[in-house]
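What follows is a set of notes on a single structure, which appears directly below.
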Number of protein chains: 2
Amino acid sequence: MKNKPRELKFWGWGYADETVAEDEVGEAIQHVCGKLGIKPPPAAAIPELSDIVLSAPRVAVPGPLQKLCSVHPRDRVSHTYGKSFADYARTLQRNFRPAPDVVAYPETEQQLVDSLDWATQARLAVVPFGAGSSVVGGIEHEDHDSERGRLTIDLRKLDQVLEVDKTSRAARIQAGIFGPALDAALKPHGLTLRHFPQSYEFSTLGGWIATRSGGHYATLYTHIDDFVENLRTVTPSGTLESRRLPGSGAGPSPDRLMIGSEGILGVITEAWMRLQDRPTFRAGTAVQFDDFHKAAEAVRAISQAGLFPSNCRLVDADEAAMSGAGDGSAHLVVLGFESADHQVGPWMECALECARDHGGRVPEESGDEGHRSGAAGRWRNAFMRMPYYREAVISRGIIQDTFETSTTWDRFAEFHANVKSAAEDAIRRVTGNTGLVTCRFTHTYPDGPAPYFTFHALSDVRVMLDQWREIKQAASEALMANGGTITHHHAVGRDHRPWYDSQRPDLFADALAAAKRQLDPDGLLNPGVLIDADHLDQRAKRVEL
Amino acid sequence: MKNKPRELKFWGWGYADETVAEDEVGEAIQHVCGKLGIKPPPAAAIPELSDIVLSAPRVAVPGPLQKLCSVHPRDRVSHTYGKSFADYARTLQRNFRPAPDVVAYPETEQQLVDSLDWATQARLAVVPFGAGSSVVGGIEHEDHDSERGRLTIDLRKLDQVLEVDKTSRAARIQAGIFGPALDAALKPHGLTLRHFPQSYEFSTLGGWIATRSGGHYATLYTHIDDFVENLRTVTPSGTLESRRLPGSGAGPSPDRLMIGSEGILGVITEAWMRLQDRPTFRAGTAVQFDDFHKAAEAVRAISQAGLFPSNCRLVDADEAAMSGAGDGSAHLVVLGFESADHQVGPWMECALECARDHGGRVPEESGDEGHRSGAAGRWRNAFMRMPYYREAVISRGIIQDTFETSTTWDRFAEFHANVKSAAEDAIRRVTGNTGLVTCRFTHTYPDGPAPYFTFHALSDVRVMLDQWREIKQAASEALMANGGTITHHHAVGRDHRPWYDSQRPDLFADALAAAKRQLDPDGLLNPGVLIDADHLDQRAKRVEL
């Protein structure tokens, strides 16, 4: 295989040939352990490639596809997992049983079609793969079907910006492009997608669309969904492309069926995306609150005022301390406005008035560069670096994970209390230690916030996976019982299936399964994600009973 | 049948017991004819109910359903058509062949379920009916299948606001409520849906959702889609209800499959809808432009500036004259901002700066009440009264119709020229007369406008339907050939099917048909709308060939 792409770490975050300074990681570990009130435990060894035992590939790559396929252990291992806690825990256990047999790197859409044709003939399970930063088991193969061949299709060579329409502020972009490359390609045009999920460096446009990624904007344009002008998708039944339009009311939106389909209906190859002018006017600050629920009320008032801040994120005092943005004495509301067109002072003034009305303390330093300095800036930096520390934290037997959701404002106070205590109780029960459960809002709507919970708990590398599973289950059940969604923007994958199944209407599952059977009649694509391959048969049986 | 609802006119707009002053109509006719350069032709007689010959009902209503069903000619006739030009033309011809056999008015969801159960047993075709103001043949029965019984289900008795959540600004609302009743019910809470399509008085929440209605907001929240927090839908296979959430990323959105499904997947019975505070701060004005495309550029600049005006509508000079908002010497950009939270002066100032940059003349009268007075106010009043005049215009042999679309900014200048001339050419060729084709923007996106074309042409009551059909065909083909959508917010219905079929991706049609077969296995619901009942069989045949 020629033109091998730059290798990603199979045991952690980032490129394999890139190291994060030991000092930086050490400081992060110290910080986390300090907040947990423990001394840094010793780290378990990160596995070497040679430690990992893979089964022999179950299938042979046909001649014409060999030039785009690899069966090398490095490729198979680095495409086995995403970046969830469970993925790191299994990596530390040297468990790579879900490894694909073959990884294909198509360079053209035709090569992707050829790969799917082969999968049809050989009845392979196919996992479409962007940059592999799923945190919900969205890109791993099912391990229980040990006979079936497993093909992972890595899209990263379909990574070009094909056309830019400056007038309409849109571009036609291939799905496999990574965040930074996309931004670099648009910059000369003065444009930006301005979609910065925490995974930004190691996630792709196609991945964002397939998982309904949540990005930069805390209000208004929260999900990638709203930036999609059209989509081109290759399915086992053929290719479909929607019409490029700024808006339409012609039947149910074809794009909205594909957005969030997590690779079960087809492989997204291209999209026309709506872009923004690069902002030149900015205002940012972080307002302090003594009372968490007064801070939440301030956020509600701001989000209901029609101001549309780009940033409007409540960070609770413990999370502010955990990320170094605060000392733990106050809750923060991080506020930002930005525009390429006009001074945003009047907007910020309205928002700060809402904040003051609810007891917020507005710092004097707020100003045009407030978003890069002060508490808001510190929080932002911690946010972007956090993924780099995670493998080191987890290798010390510390469970570090997040779960995220949304709910309406009327329920929020009770929701927050119940979910937080459910997670805290589970940590105590399961690990025997008191953990730390913190909360922030990632996005805010006029009708409710999207709370994001982070938890830390001292465990042990040998048992942490099972302990995590129990905690995850308790947290997920609390989300469901209290009226949240099982995911606001992390997607469903395999990890969230039980709760997704209870959340979605049964008849919608039937409709989705019927659509899947039409587009993917042999059930090749991402088996186990979103829906079972035999969903309609199971359903028919239940109806008969 | 008890509690008979107030009768709607079967031959025109509004309630049967409500008359519009002859003066008002006469003035409107004079105005239209003046612009066309003709004397008002004599009016054809509006039919009486007794003029209309209906076939005997093909089915007998079962005993338990008799209390909610009517077979009275008045009910059958008033549920035969919507309010399109073709509907008026056929009304003048006394052609009511597509009349339903039975009209059901369920008062409870269970009665709706019972009605669908009867339809399943008796293999009836079922048309869900809101207030009957479809302009695309969305609520009429297919006439070619003369054997099949026809049931129209009128939802207007499911018309309550069931719950109001002031904190989250949302309400649970039954689908059959009319616009004014909804607004009246929300007013005591200080809330409003603020969704005012031109059909507002005679359309329902369920109709808006089923057809992806376009409302009040010219930017940002253009379609009803964004206001839907959850949906409850009764299908022949059962009832589905999505979780009420401010945002979610759990798989493809169940609501987005139902939104725009035009009654082919199920009957929407309830929705939690996102509401707004009633605005107290307003600014409105109308800016004049000599050059249409400079005005369009101003609208583009405003819509790309992130200002989100509630009104931002370009009205070309001829349309301004036609509606009495101008004298035909200038194109207008009607601008409005509104807020319940803050003075909107800074927003309007930014927008006016964009307008001036593109050669716009800003009137001195602009101010807080500009939206109710001046050119903007005159245009708004004409907009709301227009539907009342239409039956009188058409009965004089004047073809008056509209078609609407959207396209990206990069294509707009050519798009506008080509579509306008295609319609003008067709009018001249078909009627032998020069018509008037005018254009405005109903909604505006950062990546493109939603142009709305109105045309007037002198014809003759005896031939106008065929002439209209040819003009409609030419206009629709021009929309398709130039990269527009066949509908931005009028829906597809039966009238737009040929172009919708060419616009939507084939594989999406397959997926939609598969979903429909799952939810409506006997193909009861709205046959002929969006998709053919035998779509998948036809498709399988094509694949075999």
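By order in the structure tokens, chains are A, B, ...; within a chain, residues start at 1; ligands start at 1, following the order shown.
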Select residues of chain A: the criterion is any atom within 7 Å of an atom of chain B, counting only C-alpha atoms; output as a PyMOL selection string. chain A and resi 167-169+212+240-243+245-254+256-261+274+305+341+406-410+445-448+485-489+491-492+500+503-505+507-508+510-512+514-515+518-519+530
Selected residues, C-alpha atoms, written as an mmCIF file, in the first residue's frame, please.
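Writing done, so here's part15.cif:
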data_model
loop_
_atom_site.group_PDB
_atom_site.id
_atom_site.type_symbol
_atom_site.label_atom_id
_atom_site.label_comp_id
_atom_site.auth_asym_id
_atom_site.auth_seq_id
_atom_site.Cartn_x
_atom_site.Cartn_y
_atom_site.Cartn_z
ATOM 1 C CA THR A 167 -20.798 34.298 -2.478
ATOM 2 C CA SER A 168 -23.049 31.834 -0.707
ATOM 3 C CA ARG A 169 -20.368 31.084 1.901
ATOM 4 C CA ARG A 212 -24.554 14.847 14.896
ATOM 5 C CA LEU A 240 -27.499 9.251 -3.297
ATOM 6 C CA GLU A 241 -26.948 12.960 -3.373
ATOM 7 C CA SER A 242 -29.393 15.567 -2.165
ATOM 8 C CA ARG A 243 -29.920 18.866 -3.927
ATOM 9 C CA LEU A 245 -30.243 24.250 -1.215
ATOM 10 C CA PRO A 246 -30.294 26.941 1.484
ATOM 11 C CA GLY A 247 -33.668 25.677 2.681
ATOM 12 C CA SER A 248 -36.451 23.448 1.448
ATOM 13 C CA GLY A 249 -39.831 22.096 2.371
ATOM 14 C CA ALA A 250 -40.044 19.336 -0.216
ATOM 15 C CA GLY A 251 -41.007 16.343 1.894
ATOM 16 C CA PRO A 252 -39.083 15.072 4.896
ATOM 17 C CA SER A 253 -35.454 16.183 4.626
ATOM 18 C CA PRO A 254 -33.303 13.513 2.956
ATOM 19 C CA ARG A 256 -31.838 14.636 8.172
ATOM 20 C CA LEU A 257 -32.237 10.900 7.682
ATOM 21 C CA MET A 258 -28.497 10.574 7.041
ATOM 22 C CA ILE A 259 -27.387 13.042 9.710
ATOM 23 C CA GLY A 260 -26.911 10.974 12.845
ATOM 24 C CA SER A 261 -27.202 7.662 11.018
ATOM 25 C CA ARG A 274 -22.493 26.321 5.185
ATOM 26 C CA ALA A 305 -33.236 36.829 25.096
ATOM 27 C CA ASP A 341 -19.628 42.264 10.662
ATOM 28 C CA SER A 406 -30.110 17.733 27.467
ATOM 29 C CA THR A 407 -33.368 18.458 29.224
ATOM 30 C CA THR A 408 -35.924 21.233 29.417
ATOM 31 C CA TRP A 409 -35.517 24.109 31.884
ATOM 32 C CA ASP A 410 -38.624 23.250 33.916
ATOM 33 C CA TYR A 445 -31.253 26.356 24.102
ATOM 34 C CA PRO A 446 -34.144 28.681 24.871
ATOM 35 C CA ASP A 447 -36.025 25.614 26.106
ATOM 36 C CA GLY A 448 -33.262 23.876 28.016
ATOM 37 C CA THR A 485 -31.590 12.231 26.204
ATOM 38 C CA ILE A 486 -29.009 9.470 26.326
ATOM 39 C CA THR A 487 -26.785 11.685 24.206
ATOM 40 C CA HIS A 488 -26.848 15.278 23.113
ATOM 41 C CA HIS A 489 -23.800 15.078 20.844
ATOM 42 C CA ALA A 491 -23.808 9.728 19.548
ATOM 43 C CA VAL A 492 -25.269 6.313 20.357
ATOM 44 C CA TYR A 500 -31.370 4.700 23.042
ATOM 45 C CA GLN A 503 -35.734 6.553 24.274
ATOM 46 C CA ARG A 504 -36.636 6.331 20.603
ATOM 47 C CA PRO A 505 -40.212 5.530 19.657
ATOM 48 C CA LEU A 507 -42.290 2.711 15.443
ATOM 49 C CA PHE A 508 -39.439 5.029 14.518
ATOM 50 C CA ASP A 510 -39.199 0.088 12.702
ATOM 51 C CA ALA A 511 -39.143 2.846 10.089
ATOM 52 C CA LEU A 512 -35.384 3.232 10.450
ATOM 53 C CA ALA A 514 -37.012 -0.573 7.045
ATOM 54 C CA ALA A 515 -34.991 2.270 5.538
ATOM 55 C CA GLN A 518 -33.644 -0.787 1.655
ATOM 56 C CA LEU A 519 -30.230 0.899 1.526
ATOM 57 C CA LEU A 530 -28.384 2.129 16.447
#
Quick one: residues within 8 Å of region 93-103 of chain B, only C-alpha atoms counted, chain neighbours fewer than 4 positions away excluded, as an NGL selection string? :B and (47 or 51-59 or 61 or 69-71 or 75-77 or 79-81 or 89 or 140-143 or 149-154 or 462)
What's around Lys157 (chain B) at 7 Å? Count only C-alpha atoms, leave out sequence neighbours fewer than 5 positions away in its own chain, and write the answer as a short mmCIF file (atom, residue, chain, number, x, y, z; two decimals) with C-alpha atoms, in the first residue's frame.
data_model
loop_
_atom_site.label_atom_id
_atom_site.label_comp_id
_atom_site.auth_asym_id
_atom_site.auth_seq_id
_atom_site.Cartn_x
_atom_site.Cartn_y
_atom_site.Cartn_z
CA TYR B 105 -64.36 14.84 13.03
CA PRO B 106 -62.68 12.93 15.86
CA GLU B 107 -62.88 14.64 19.25
CA GLY B 176 -56.10 20.65 14.95
#
To test your reading of the structure, identify every residue in region 201-406 of chain A that backbone DSSP assigns to strand (DSSP E or B), and report it as a ChimeraX atom specification. /A:204,214,223,228-235,238-241,267-274,276-277,281-289,311-315,331-339,361,367,398-404
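Near Asp159 (chain B), within a cut-off of 10 Å and counting only C-alpha atoms, sit the residues Glu107, Leu155, Arg156, Leu162, Ile173, Gln174, Ala175, Gly176, Ile177, Phe178, Ala181, Leu182, Thr204, Leu205, Gly206, Thr269 and Glu270 of chain B, with same-chain residues fewer than 3 positions away left out.
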